[in-house]
file start36.txt (compact mmCIF, C-alpha atoms)
# COMPACT_ATOMS: atom_id res chain seq x y z
CA MET A 1 -35.88 40.83 -2.52
CA CYS A 2 -35.68 40.55 -6.30
CA ALA A 3 -31.97 39.92 -6.17
CA ALA A 4 -32.41 37.19 -3.59
CA GLY A 5 -35.10 35.53 -5.67
CA THR A 6 -32.92 35.60 -8.76
CA GLY A 7 -30.03 34.11 -6.87
CA LEU A 8 -32.17 31.21 -5.66
CA GLY A 9 -33.35 30.48 -9.18
CA ASP A 10 -29.77 30.52 -10.47
CA SER A 11 -28.79 28.12 -7.73
CA GLU A 12 -31.52 25.59 -8.69
CA GLU A 13 -30.54 25.73 -12.36
CA SER A 14 -26.94 25.24 -11.40
CA ASN A 15 -27.84 22.15 -9.34
CA GLU A 16 -29.65 20.56 -12.29
CA ASP A 17 -27.03 21.23 -14.95
CA GLY A 18 -23.86 21.48 -12.91
CA ASP A 19 -24.15 18.57 -10.46
CA PRO A 20 -21.32 16.16 -11.41
CA THR A 21 -23.41 13.13 -10.35
CA VAL A 22 -26.26 14.09 -12.67
CA ARG A 23 -23.85 14.75 -15.55
CA ASP A 24 -22.10 11.39 -15.06
CA SER A 25 -25.41 9.50 -14.98
CA ARG A 26 -26.56 11.14 -18.19
CA THR A 27 -23.26 10.38 -19.86
CA VAL A 28 -23.44 6.70 -18.93
CA PHE A 29 -27.08 6.47 -20.03
CA SER A 30 -26.27 8.13 -23.36
CA SER A 31 -23.37 5.78 -23.95
CA LEU A 32 -25.67 2.80 -23.41
CA LEU A 33 -27.99 4.10 -26.11
CA GLU A 34 -25.13 4.56 -28.55
CA ASP A 35 -24.19 0.89 -29.03
CA ASP A 36 -22.29 0.12 -32.16
CA THR A 37 -24.76 -1.53 -34.57
CA GLU A 38 -22.29 -4.16 -35.73
CA GLU A 39 -21.30 -5.00 -32.15
CA LEU A 40 -24.98 -5.32 -31.20
CA TYR A 41 -25.57 -7.67 -34.15
CA ASP A 42 -22.54 -9.86 -33.44
CA ASN A 43 -23.12 -10.22 -29.70
CA ALA A 44 -26.91 -10.42 -29.62
CA PRO A 45 -28.43 -12.98 -27.22
CA CYS A 46 -29.68 -14.94 -30.24
CA GLY A 47 -28.14 -16.14 -33.48
CA TYR A 48 -28.46 -14.12 -36.69
CA LEU A 49 -27.61 -15.07 -40.23
CA SER A 50 -28.58 -13.93 -43.70
CA THR A 51 -28.68 -16.13 -46.78
CA LEU A 52 -29.18 -15.64 -50.47
CA MET A 53 -32.40 -16.98 -51.94
CA ASP A 54 -30.69 -20.28 -52.75
CA GLY A 55 -29.74 -20.70 -49.09
CA GLU A 56 -26.05 -19.71 -49.37
CA ILE A 57 -24.91 -18.09 -46.13
CA ALA A 58 -23.98 -14.43 -46.68
CA LYS A 59 -23.65 -13.18 -43.11
CA VAL A 60 -23.61 -14.70 -39.61
CA ASN A 61 -23.11 -13.23 -36.15
CA ASP A 62 -20.58 -14.23 -33.51
CA THR A 63 -23.25 -15.64 -31.21
CA LEU A 64 -24.26 -18.34 -33.67
CA LEU A 65 -20.66 -19.06 -34.57
CA GLY A 66 -19.90 -19.58 -30.89
CA TRP A 67 -22.82 -21.99 -30.48
CA LEU A 68 -21.71 -24.01 -33.48
CA GLY A 69 -17.96 -23.83 -32.82
CA ILE A 70 -17.39 -22.93 -36.51
CA ARG A 71 -15.23 -20.13 -37.98
CA ARG A 72 -16.89 -17.46 -40.11
CA GLU A 73 -14.82 -18.27 -43.20
CA GLU A 74 -16.06 -21.85 -43.05
CA LEU A 75 -19.65 -20.68 -43.51
CA VAL A 76 -19.92 -17.38 -45.37
CA GLY A 77 -19.99 -17.97 -49.11
CA VAL A 78 -19.16 -21.65 -48.54
CA ARG A 79 -22.16 -23.43 -47.07
CA ARG A 80 -25.93 -23.19 -47.20
CA PHE A 81 -28.29 -22.93 -44.27
CA ALA A 82 -29.57 -26.46 -44.91
CA ASP A 83 -25.99 -27.75 -44.50
CA LEU A 84 -26.20 -26.84 -40.79
CA LEU A 85 -29.20 -29.10 -40.20
CA THR A 86 -29.51 -32.77 -39.26
CA GLY A 87 -30.62 -35.32 -41.86
CA GLY A 88 -34.24 -35.05 -40.76
CA GLY A 89 -33.93 -31.27 -40.63
CA LYS A 90 -32.68 -31.14 -44.22
CA LEU A 91 -35.71 -33.13 -45.34
CA TYR A 92 -38.01 -30.81 -43.39
CA HIS A 93 -36.19 -27.83 -44.92
CA GLU A 94 -36.98 -29.03 -48.42
CA THR A 95 -40.56 -30.15 -47.79
CA HIS A 96 -41.77 -27.43 -45.39
CA TYR A 97 -39.35 -24.60 -44.65
CA ALA A 98 -38.41 -23.64 -48.20
CA PRO A 99 -41.96 -23.95 -49.66
CA MET A 100 -43.47 -21.88 -46.81
CA LEU A 101 -40.79 -19.26 -47.22
CA ARG A 102 -41.49 -18.96 -50.96
CA MET A 103 -45.25 -18.93 -50.46
CA HIS A 104 -45.62 -16.64 -47.44
CA GLY A 105 -42.32 -14.78 -47.33
CA GLN A 106 -41.71 -15.86 -43.75
CA VAL A 107 -41.76 -18.75 -41.30
CA ARG A 108 -42.09 -18.54 -37.53
CA GLU A 109 -40.67 -20.60 -34.68
CA LEU A 110 -39.79 -23.78 -36.52
CA ALA A 111 -38.22 -26.36 -34.22
CA LEU A 112 -35.00 -27.65 -35.83
CA ASP A 113 -31.67 -29.13 -34.78
CA LEU A 114 -28.39 -27.56 -35.92
CA VAL A 115 -25.22 -29.67 -36.00
CA ALA A 116 -22.19 -28.15 -34.25
CA ALA A 117 -18.59 -28.65 -35.39
CA ASP A 118 -18.10 -31.44 -32.83
CA GLY A 119 -21.25 -33.27 -33.94
CA ARG A 120 -23.44 -32.10 -31.08
CA ARG A 121 -27.07 -31.32 -31.84
CA LEU A 122 -28.25 -27.84 -30.94
CA PRO A 123 -32.06 -27.58 -30.59
CA VAL A 124 -33.19 -24.20 -31.92
CA LEU A 125 -36.31 -22.26 -32.90
CA VAL A 126 -35.96 -20.60 -36.29
CA THR A 127 -37.81 -17.53 -37.56
CA ALA A 128 -37.04 -16.35 -41.08
CA LYS A 129 -38.27 -13.52 -43.30
CA VAL A 130 -37.56 -12.67 -46.92
CA LYS A 131 -36.17 -9.18 -47.60
CA THR A 132 -37.51 -7.72 -50.85
CA GLY A 133 -36.35 -4.92 -53.10
CA GLN A 134 -38.25 -1.81 -54.09
CA GLU A 135 -40.04 -3.65 -56.86
CA GLY A 136 -40.89 -6.56 -54.58
CA GLN A 137 -38.26 -8.95 -55.87
CA PRO A 138 -36.77 -11.24 -53.17
CA LEU A 139 -33.20 -10.33 -52.29
CA LEU A 140 -32.16 -12.39 -49.30
CA VAL A 141 -33.46 -14.22 -46.22
CA ARG A 142 -32.89 -12.93 -42.71
CA ILE A 143 -32.93 -15.69 -40.11
CA THR A 144 -33.13 -15.46 -36.33
CA VAL A 145 -32.06 -18.51 -34.32
CA PHE A 146 -33.08 -18.98 -30.68
CA ASP A 147 -31.36 -21.47 -28.38
CA ALA A 148 -34.03 -24.04 -27.42
CA ARG A 149 -31.91 -26.42 -25.35
CA GLU A 150 -33.64 -25.61 -22.07
CA ARG A 151 -37.03 -25.68 -23.72
CA ARG A 152 -36.29 -29.03 -25.33
CA ALA A 153 -35.10 -30.41 -22.00
CA TYR A 154 -38.30 -29.16 -20.37
CA GLU A 155 -40.38 -30.78 -23.13
CA ARG A 156 -38.53 -34.06 -22.61
CA GLU A 157 -39.24 -33.86 -18.89
CA LEU A 158 -42.92 -33.21 -19.60
CA LEU A 159 -43.03 -36.09 -22.08
CA ALA A 160 -41.34 -38.41 -19.60
CA ALA A 161 -43.76 -37.33 -16.87
CA LYS A 162 -46.71 -37.87 -19.20
CA ARG A 163 -45.44 -41.31 -20.20
CA LYS A 164 -44.92 -42.23 -16.56
CA ALA A 165 -48.41 -41.03 -15.68
CA GLU A 166 -49.89 -43.06 -18.55
CA GLU A 167 -47.98 -46.15 -17.44
CA GLU A 168 -49.15 -45.63 -13.86
CA ARG A 169 -52.74 -45.19 -15.03
CA ALA A 170 -52.51 -48.35 -17.14
CA ARG A 171 -51.07 -50.22 -14.15
CA LEU A 172 -53.88 -48.91 -11.95
CA GLU A 173 -56.49 -49.93 -14.53
CA ARG A 174 -55.01 -53.43 -14.74
CA LEU A 175 -55.00 -53.69 -10.95
CA THR A 176 -58.55 -52.34 -10.75
CA GLY A 177 -59.73 -54.72 -13.46
CA THR A 178 -58.15 -57.68 -11.71
CA LEU A 179 -59.71 -56.69 -8.39
CA GLN A 180 -63.08 -56.13 -10.05
CA ARG A 181 -63.02 -59.59 -11.60
CA THR A 182 -62.47 -61.16 -8.19
CA LEU A 183 -65.71 -59.53 -7.00
CA LEU A 184 -67.82 -60.96 -9.84
CA PRO A 185 -68.45 -64.54 -10.98
CA ASP A 186 -66.16 -65.70 -13.79
CA ALA A 187 -69.23 -67.04 -15.58
CA LEU A 188 -72.84 -67.78 -14.77
CA PRO A 189 -73.57 -71.45 -14.01
CA VAL A 190 -75.45 -73.72 -16.40
CA ILE A 191 -78.71 -74.80 -14.75
CA ASP A 192 -81.21 -77.20 -16.25
CA GLY A 193 -84.52 -75.43 -16.77
CA VAL A 194 -83.07 -71.95 -16.10
CA ASP A 195 -81.92 -69.32 -18.59
CA LEU A 196 -79.34 -66.87 -17.15
CA ALA A 197 -77.70 -63.70 -18.54
CA ALA A 198 -75.90 -60.74 -16.98
CA HIS A 199 -74.26 -57.42 -17.84
CA TYR A 200 -71.82 -55.32 -15.82
CA HIS A 201 -70.63 -51.81 -16.64
CA VAL A 202 -68.05 -49.89 -14.60
CA ALA A 203 -68.38 -46.12 -14.98
CA SER A 204 -64.67 -45.49 -14.29
CA SER A 205 -61.88 -47.77 -15.49
CA ASP A 206 -59.59 -46.73 -12.62
CA GLN A 207 -62.06 -47.32 -9.78
CA VAL A 208 -63.61 -50.52 -8.49
CA GLY A 209 -67.37 -50.42 -8.92
CA GLY A 210 -69.81 -50.93 -6.07
CA ASP A 211 -72.35 -53.12 -7.92
CA PHE A 212 -72.29 -56.92 -7.59
CA TYR A 213 -74.24 -60.06 -8.48
CA ASP A 214 -73.88 -63.85 -8.27
CA VAL A 215 -75.70 -67.15 -8.82
CA PHE A 216 -74.56 -70.19 -6.83
CA PRO A 217 -75.77 -73.69 -5.81
CA LEU A 218 -77.55 -74.27 -2.51
CA GLY A 219 -77.81 -78.04 -2.74
CA GLY A 220 -80.37 -80.27 -4.37
CA ASP A 221 -82.19 -78.45 -7.14
CA ARG A 222 -82.08 -75.05 -5.42
CA TRP A 223 -79.92 -72.12 -6.44
CA GLY A 224 -79.22 -68.84 -4.67
CA PHE A 225 -78.80 -65.52 -6.43
CA PHE A 226 -78.27 -61.92 -5.42
CA LEU A 227 -77.67 -58.49 -6.94
CA GLY A 228 -76.90 -55.27 -5.12
CA ASP A 229 -75.03 -52.01 -4.77
CA VAL A 230 -72.73 -50.97 -1.91
CA CYS A 231 -72.16 -47.36 -0.92
CA GLY A 232 -69.08 -45.62 -2.33
CA LYS A 233 -66.44 -46.53 -4.88
CA GLY A 234 -62.80 -47.53 -4.93
CA PRO A 235 -60.94 -49.62 -2.33
CA GLU A 236 -63.53 -49.05 0.42
CA ALA A 237 -66.30 -50.23 -1.90
CA ALA A 238 -64.21 -53.26 -2.89
CA VAL A 239 -63.79 -54.27 0.76
CA LEU A 240 -67.51 -53.83 1.38
CA THR A 241 -68.46 -55.73 -1.78
CA SER A 242 -66.23 -58.64 -0.82
CA LEU A 243 -67.70 -58.70 2.69
CA THR A 244 -71.25 -58.60 1.32
CA ARG A 245 -70.76 -61.35 -1.26
CA TYR A 246 -69.17 -63.81 1.13
CA ALA A 247 -71.59 -62.99 3.95
CA LEU A 248 -74.55 -63.67 1.64
CA ARG A 249 -73.11 -66.99 0.50
CA ALA A 250 -72.23 -68.09 4.03
CA ALA A 251 -75.63 -67.07 5.41
CA ALA A 252 -77.44 -68.95 2.64
CA VAL A 253 -75.59 -72.17 3.48
CA ASN A 254 -76.88 -71.96 7.05
CA ASP A 255 -80.44 -70.83 6.20
CA ALA A 256 -81.43 -70.09 2.61
CA ASP A 257 -84.62 -68.26 3.54
CA PRO A 258 -84.18 -64.84 1.85
CA VAL A 259 -85.39 -62.86 4.86
CA ALA A 260 -83.01 -64.78 7.17
CA VAL A 261 -80.10 -64.23 4.77
CA LEU A 262 -80.62 -60.45 4.67
CA THR A 263 -81.06 -60.32 8.43
CA THR A 264 -77.72 -62.08 8.88
CA LEU A 265 -76.03 -59.74 6.38
CA ASN A 266 -77.43 -56.73 8.25
CA THR A 267 -75.93 -58.02 11.51
CA VAL A 268 -72.53 -58.68 9.91
CA MET A 269 -72.36 -55.21 8.37
CA LEU A 270 -73.34 -53.52 11.64
CA HIS A 271 -70.55 -55.40 13.45
CA GLN A 272 -68.03 -54.34 10.78
CA ARG A 273 -69.05 -50.68 10.80
CA ARG A 274 -66.36 -48.15 11.73
CA PRO A 275 -66.89 -44.56 12.96
CA GLY A 276 -66.83 -42.12 10.07
CA ALA A 277 -66.96 -44.89 7.46
CA PRO A 278 -70.62 -45.75 6.77
CA ARG A 279 -71.11 -49.26 5.46
CA PHE A 280 -74.43 -50.17 3.93
CA CYS A 281 -75.85 -51.59 0.74
CA THR A 282 -79.01 -52.24 -1.18
CA VAL A 283 -79.50 -55.84 -2.24
CA ILE A 284 -81.95 -58.48 -3.43
CA PHE A 285 -81.41 -62.10 -2.40
CA GLY A 286 -83.44 -64.93 -3.81
CA VAL A 287 -83.78 -68.69 -4.27
CA LEU A 288 -84.52 -70.51 -7.55
CA GLU A 289 -86.36 -73.82 -7.51
CA PRO A 290 -86.78 -75.35 -10.96
CA ASP A 291 -89.32 -78.15 -11.31
CA ARG A 292 -91.01 -80.06 -14.08
CA ASP A 293 -93.72 -77.44 -14.62
CA GLY A 294 -91.77 -74.20 -14.27
CA LEU A 295 -89.51 -72.13 -12.05
CA THR A 296 -90.36 -70.80 -8.59
CA VAL A 297 -88.56 -67.69 -7.38
CA THR A 298 -88.60 -66.51 -3.77
CA LEU A 299 -86.74 -63.33 -2.90
CA ALA A 300 -86.35 -60.52 -0.35
CA GLY A 301 -85.15 -56.98 -0.91
CA GLY A 302 -83.17 -54.62 1.26
CA GLY A 303 -83.73 -51.07 0.01
CA HIS A 304 -83.22 -52.12 -3.61
CA PRO A 305 -85.42 -51.32 -6.64
CA PRO A 306 -87.94 -54.16 -7.16
CA PRO A 307 -87.16 -56.56 -10.00
CA LEU A 308 -89.33 -56.67 -13.11
CA VAL A 309 -91.22 -59.73 -14.27
CA LEU A 310 -91.53 -59.89 -18.06
CA ARG A 311 -94.29 -62.30 -19.02
CA ARG A 312 -94.25 -63.99 -22.36
CA ASP A 313 -97.77 -62.73 -23.07
CA GLY A 314 -96.57 -59.09 -22.97
CA GLU A 315 -97.29 -58.19 -19.35
CA VAL A 316 -94.58 -56.34 -17.39
CA SER A 317 -94.90 -55.78 -13.64
CA PRO A 318 -92.57 -55.16 -10.67
CA LEU A 319 -92.19 -57.75 -7.94
CA PRO A 320 -92.11 -55.54 -4.83
CA THR A 321 -90.87 -56.43 -1.35
CA PRO A 322 -92.64 -53.79 0.79
CA GLY A 323 -90.77 -52.43 3.77
CA GLY A 324 -87.37 -53.73 2.74
CA GLN A 325 -84.85 -51.41 4.42
CA LEU A 326 -81.22 -50.56 3.67
CA VAL A 327 -78.85 -53.26 4.85
CA GLY A 328 -76.25 -52.24 7.44
CA VAL A 329 -77.98 -49.11 8.83
CA LEU A 330 -80.49 -50.16 11.51
CA PRO A 331 -80.04 -52.99 14.05
CA GLY A 332 -83.68 -54.01 13.72
CA ALA A 333 -84.01 -53.71 9.94
CA ARG A 334 -87.01 -55.63 8.63
CA PHE A 335 -87.24 -57.48 5.36
CA THR A 336 -90.14 -59.12 3.57
CA ALA A 337 -90.26 -61.87 1.00
CA ALA A 338 -92.11 -62.18 -2.30
CA THR A 339 -92.69 -65.19 -4.51
CA THR A 340 -93.46 -65.57 -8.18
CA ARG A 341 -93.57 -68.39 -10.65
CA LEU A 342 -91.94 -68.10 -14.04
CA ARG A 343 -93.75 -69.93 -16.81
CA PRO A 344 -91.99 -70.86 -20.06
CA GLY A 345 -90.89 -67.65 -21.79
CA ASP A 346 -91.07 -65.48 -18.63
CA VAL A 347 -88.01 -63.54 -17.48
CA LEU A 348 -87.18 -61.95 -14.10
CA VAL A 349 -84.87 -58.90 -14.36
CA LEU A 350 -82.80 -57.53 -11.48
CA TYR A 351 -80.85 -54.30 -11.95
CA THR A 352 -79.01 -51.55 -10.08
CA ASP A 353 -79.94 -47.88 -10.20
CA GLY A 354 -77.29 -47.15 -12.83
CA LEU A 355 -79.92 -48.33 -15.33
CA THR A 356 -82.90 -46.31 -14.13
CA GLU A 357 -80.79 -43.21 -13.45
CA ALA A 358 -79.42 -43.05 -17.00
CA ARG A 359 -79.82 -39.49 -18.28
CA ARG A 360 -80.19 -38.02 -21.72
CA ALA A 361 -78.41 -34.85 -22.79
CA ASP A 362 -81.43 -32.75 -21.74
CA GLY A 363 -81.28 -34.19 -18.20
CA THR A 364 -84.32 -36.49 -18.58
CA MET A 365 -83.90 -39.64 -16.47
CA LEU A 366 -85.16 -43.07 -17.51
CA GLU A 367 -86.55 -43.97 -14.03
CA GLU A 368 -88.43 -47.13 -13.09
CA GLU A 369 -91.58 -46.16 -14.99
CA GLY A 370 -89.65 -45.58 -18.21
CA LEU A 371 -87.85 -48.89 -17.78
CA ALA A 372 -91.13 -50.77 -17.33
CA GLU A 373 -92.60 -49.14 -20.43
CA ALA A 374 -89.52 -49.98 -22.52
CA ALA A 375 -89.48 -53.57 -21.21
CA VAL A 376 -92.89 -54.30 -22.79
CA ALA A 377 -91.17 -54.51 -26.17
CA MET A 378 -88.73 -57.08 -24.69
CA THR A 379 -91.34 -59.61 -23.58
CA GLY A 380 -91.05 -62.93 -25.37
CA GLU A 381 -87.25 -62.68 -25.55
CA ASN A 382 -85.01 -65.06 -23.62
CA ALA A 383 -82.78 -63.84 -20.78
CA ASP A 384 -79.85 -63.08 -23.08
CA GLY A 385 -82.09 -61.15 -25.47
CA VAL A 386 -83.60 -59.12 -22.64
CA VAL A 387 -80.15 -58.18 -21.28
CA GLY A 388 -78.99 -57.18 -24.77
CA SER A 389 -82.06 -54.97 -25.21
CA LEU A 390 -81.52 -53.35 -21.81
CA VAL A 391 -77.87 -52.59 -22.65
CA ARG A 392 -78.99 -50.92 -25.89
CA LEU A 393 -81.60 -48.97 -23.94
CA LEU A 394 -78.91 -47.82 -21.49
CA THR A 395 -76.57 -46.61 -24.23
CA ASP A 396 -79.44 -44.92 -26.07
CA TRP A 397 -80.22 -42.90 -22.97
CA SER A 398 -76.64 -42.22 -21.93
CA ARG A 399 -73.73 -42.60 -24.38
CA SER A 400 -71.32 -42.50 -21.44
CA PRO A 401 -73.08 -43.80 -18.31
CA SER A 402 -71.80 -42.01 -15.21
CA ASP A 403 -72.80 -44.73 -12.76
CA ASP A 404 -71.99 -48.42 -12.42
CA THR A 405 -74.67 -50.73 -13.75
CA ALA A 406 -75.40 -54.40 -13.09
CA ILE A 407 -78.18 -56.44 -14.72
CA LEU A 408 -79.12 -60.05 -14.00
CA ALA A 409 -81.86 -61.82 -15.97
CA ILE A 410 -83.37 -65.15 -14.92
CA GLY A 411 -85.69 -66.85 -17.36
CA ASN A 412 -87.69 -70.00 -17.82
CA PRO A 413 -86.78 -71.10 -21.35
CA VAL A 414 -89.39 -72.27 -23.80
CA THR A 415 -88.63 -75.92 -24.44
CA ALA A 416 -89.39 -77.67 -27.69
CA ALA A 417 -92.03 -79.77 -25.95
CA ALA A 418 -93.72 -76.69 -24.54
CA ALA A 419 -93.67 -75.02 -27.94
CA LEU A 420 -95.24 -78.06 -29.57
CA GLN A 421 -97.83 -78.26 -26.84
CA GLU A 422 -98.74 -74.60 -27.33
CA ALA A 423 -98.92 -75.08 -31.08
CA GLY A 424 -101.24 -78.07 -30.60
CA CYS A 425 -103.46 -76.13 -28.24
CA SER A 426 -103.73 -73.22 -30.61
CA THR A 427 -104.60 -75.58 -33.45

call {"tool": "encode", "arguments": {"input": "start36.txt", "output": "structure tokens"}}
result
Amino acid sequence: MCAAGTGLGDSEESNEDGDPTVRDSRTVFSSLLEDDTEELYDNAPCGYLSTLMDGEIAKVNDTLLGWLGIRREELVGVRRFADLLTGGGKLYHETHYAPMLRMHGQVRELALDLVAADGRRLPVLVTAKVKTGQEGQPLLVRITVFDARERRAYERELLAAKRKAEEERARLERLTGTLQRTLLPDALPVIDGVDLAAHYHVASSDQVGGDFYDVFPLGGDRWGFFLGDVCGKGPEAAVLTSLTRYALRAAAVNDADPVAVLTTLNTVMLHQRRPGAPRFCTVIFGVLEPDRDGLTVTLAGGGHPPPLVLRRDGEVSPLPTPGGQLVGVLPGARFTAATTRLRPGDVLVLYTDGLTEARRADGTMLEEEGLAEAAVAMTGENADGVVGSLVRLLTDWSRSPSDDTAILAIGNPVTAAAALQEAGCST
């Protein structure tokens, strides 16, 4: 039994040490670990060179020589490292590479271009380190050079893609801006006895906004106006805005009564509705009738925030249209009208919810109550002054408004005669 056990153990030891396959594998593996140091240096996958402290090349490997197409005797003891660089590279060598090397003793991954014997440029990444003696004195510089041609090509592709994307974005913004301008009046009309001002802010420069406004003649001394907000953004919103604007104008020509105009718009939008693509808007439509004594405003609202009336005497109050429903949702939507009279110095302000939904950094929202409170300080200003104050209020609350905003102010200007009359009365 003992003899048998000993024989088995001998057999296992013999298999480990005597198996020709095992011995051959170990021999090959050992030979791989016994590379000649000089051969490893010369045929490394990157370029190596050593220079004296003044840049004179003292040693260079075959890899770098092959990249450059230059013989060893043309470099060693003949040329300096800077001589291998392009004109711009030589300047960078003197202003950055050499000072950093002296100051820190090394530089890492500098992007440079070497010039080959045939004039080709070879993009490389250079890492260099100063070798010092026992007393710390600098002896020479060891430099590693990595081929960066593929990296440079990739960077060029990225740069070209970025430039193309920027050009496409600029083209889209120009197209969006052009389309947006077609959905807004070029300028507000000049109306005797009426002071007009407006502001429009698009939250995104590459999307068409959904807010809209307009003031247009109805014939005689009457003028129509509207301001609203369609659902959505982008091309769909642009189509809906265009439909809404032209439907409002066309309806007003047939019957300028604000309730009738919104009823017609509601019918048009319901007929244009497509499955899966809801089409509705909030809007205020009104009629201006200037006369010798003032300005009468009659309007109706469809689901839109009520306008504010800023009286010259400091009073601020909303002009509600109770029951006004969203336009384009219900076949039997009902709308109600409201009328007010603007005396000299009074201003009517229409706005979209981008103004009242402005948020501060802490999340606080302006809301309709906050707007009414802030508007008290704007009473007595003309329409342009009120709009300017509202724009400042908007930017104070939100440095970068995230929603489109439209503001339309309609005022009864204080004439010189009225001012003199008031001055006489007060005297």

call {"tool": "residues_near_point", "arguments": {"input": "start36.txt", "point": "(-22.7, -12.2, -46.3)", "cutoff": "12 Å", "atoms": "all atoms listed in the file", "output": "list in words"}}
result
Tyr48, Leu49, Ser50, Thr51, Leu52, Gly55, Glu56, Ile57, Ala58, Lys59, Val60, Asn61, Arg72, Glu73, Leu75, Val76, Gly77, Val78, Arg79, Arg80, Leu140, Val141 and Arg142 of chain A

call {"tool": "closest_residue", "arguments": {"input": "start36.txt", "among": "A:Glu74, A:Pro99, A:Ala170, A:Cys46", "to": "A:Ile143", "atoms": "all atoms listed in the file"}}
result
A:Cys46

call {"tool": "closest_residue", "arguments": {"input": "start36.txt", "among": "A:Arg279, A:His199, A:Arg343, A:Arg102", "to": "A:Gly294", "atoms": "only C-alpha atoms"}}
result
A:Arg343

call {"tool": "closest_residue", "arguments": {"input": "start36.txt", "among": "A:Ala197, A:Thr282, A:Arg312, A:Leu348", "to": "A:Val387", "atoms": "all atoms listed in the file"}}
result
A:Ala197

call {"tool": "atom_distance", "arguments": {"input": "start36.txt", "atom1": "atom CA of A:Thr241", "atom2": "atom CA of A:Ile191"}}
result
25.2 Å

call {"tool": "atom_distance", "arguments": {"input": "start36.txt", "atom1": "atom CA of A:Leu172", "atom2": "atom CA of A:Glu157"}}
result
22.1 Å

call {"tool": "residues_around", "arguments": {"input": "start36.txt", "residues": "stretch 300-304 of chain A", "least_positions_apart": "5", "cutoff": "10 Å", "atoms": "all atoms listed in the file", "output": "ChimeraX atom specification"}}
result
/A:226-229,257-263,266,281-287,319-328,333-339,350-353

call {"tool": "residues_around", "arguments": {"input": "start36.txt", "residues": "A:Gly411", "least_positions_apart": "2", "cutoff": "7 Å", "atoms": "all atoms listed in the file", "output": "list in words"}}
result
Val194, Asp195, Leu196, Gly345, Asp346, Val347, Leu348, Asn382, Ala383, Ala409 and Pro413 of chain A

call {"tool": "write_last_selection", "arguments": {"input": "start36.txt", "atoms": "C-alpha atoms", "output": "PDB file, keeping the file's coordinate frame"}}
result
ATOM      1  CA  VAL A 194     -83.070 -71.950 -16.100  1.00  0.00           C
ATOM      2  CA  ASP A 195     -81.920 -69.320 -18.590  1.00  0.00           C
ATOM      3  CA  LEU A 196     -79.340 -66.870 -17.150  1.00  0.00           C
ATOM      4  CA  GLY A 345     -90.890 -67.650 -21.790  1.00  0.00           C
ATOM      5  CA  ASP A 346     -91.070 -65.480 -18.630  1.00  0.00           C
ATOM      6  CA  VAL A 347     -88.010 -63.540 -17.480  1.00  0.00           C
ATOM      7  CA  LEU A 348     -87.180 -61.950 -14.100  1.00  0.00           C
ATOM      8  CA  ASN A 382     -85.010 -65.060 -23.620  1.00  0.00           C
ATOM      9  CA  ALA A 383     -82.780 -63.840 -20.780  1.00  0.00           C
ATOM     10  CA  ALA A 409     -81.860 -61.820 -15.970  1.00  0.00           C
ATOM     11  CA  PRO A 413     -86.780 -71.100 -21.350  1.00  0.00           C
TER      12      PRO A 413
END

call {"tool": "atom_distance", "arguments": {"input": "start36.txt", "atom1": "atom CA of A:Met378", "atom2": "atom CA of A:Gly193"}}
result
20.4 Å

call {"tool": "closest_atom_pairs", "arguments": {"input": "start36.txt", "of": "stretch 295-374 of chain A", "to": "stretch 390-401 of chain A", "cutoff": "6 Å", "atoms": "all atoms listed in the file", "output": "Markdown table"}}
result
| residue | atom | partner | partner_atom | distance |
| --- | --- | --- | --- | --- |
| A:Ala358 | CA | A:Ser398 | CA | 5.7 |
| A:Arg359 | CA | A:Ser398 | CA | 5.6 |
| A:Arg360 | CA | A:Trp397 | CA | 5.0 |

call {"tool": "closest_residue", "arguments": {"input": "start36.txt", "among": "A:Thr127, A:Thr356, A:Thr298, A:Pro189", "to": "A:Gly105", "atoms": "all atoms listed in the file"}}
result
A:Thr127
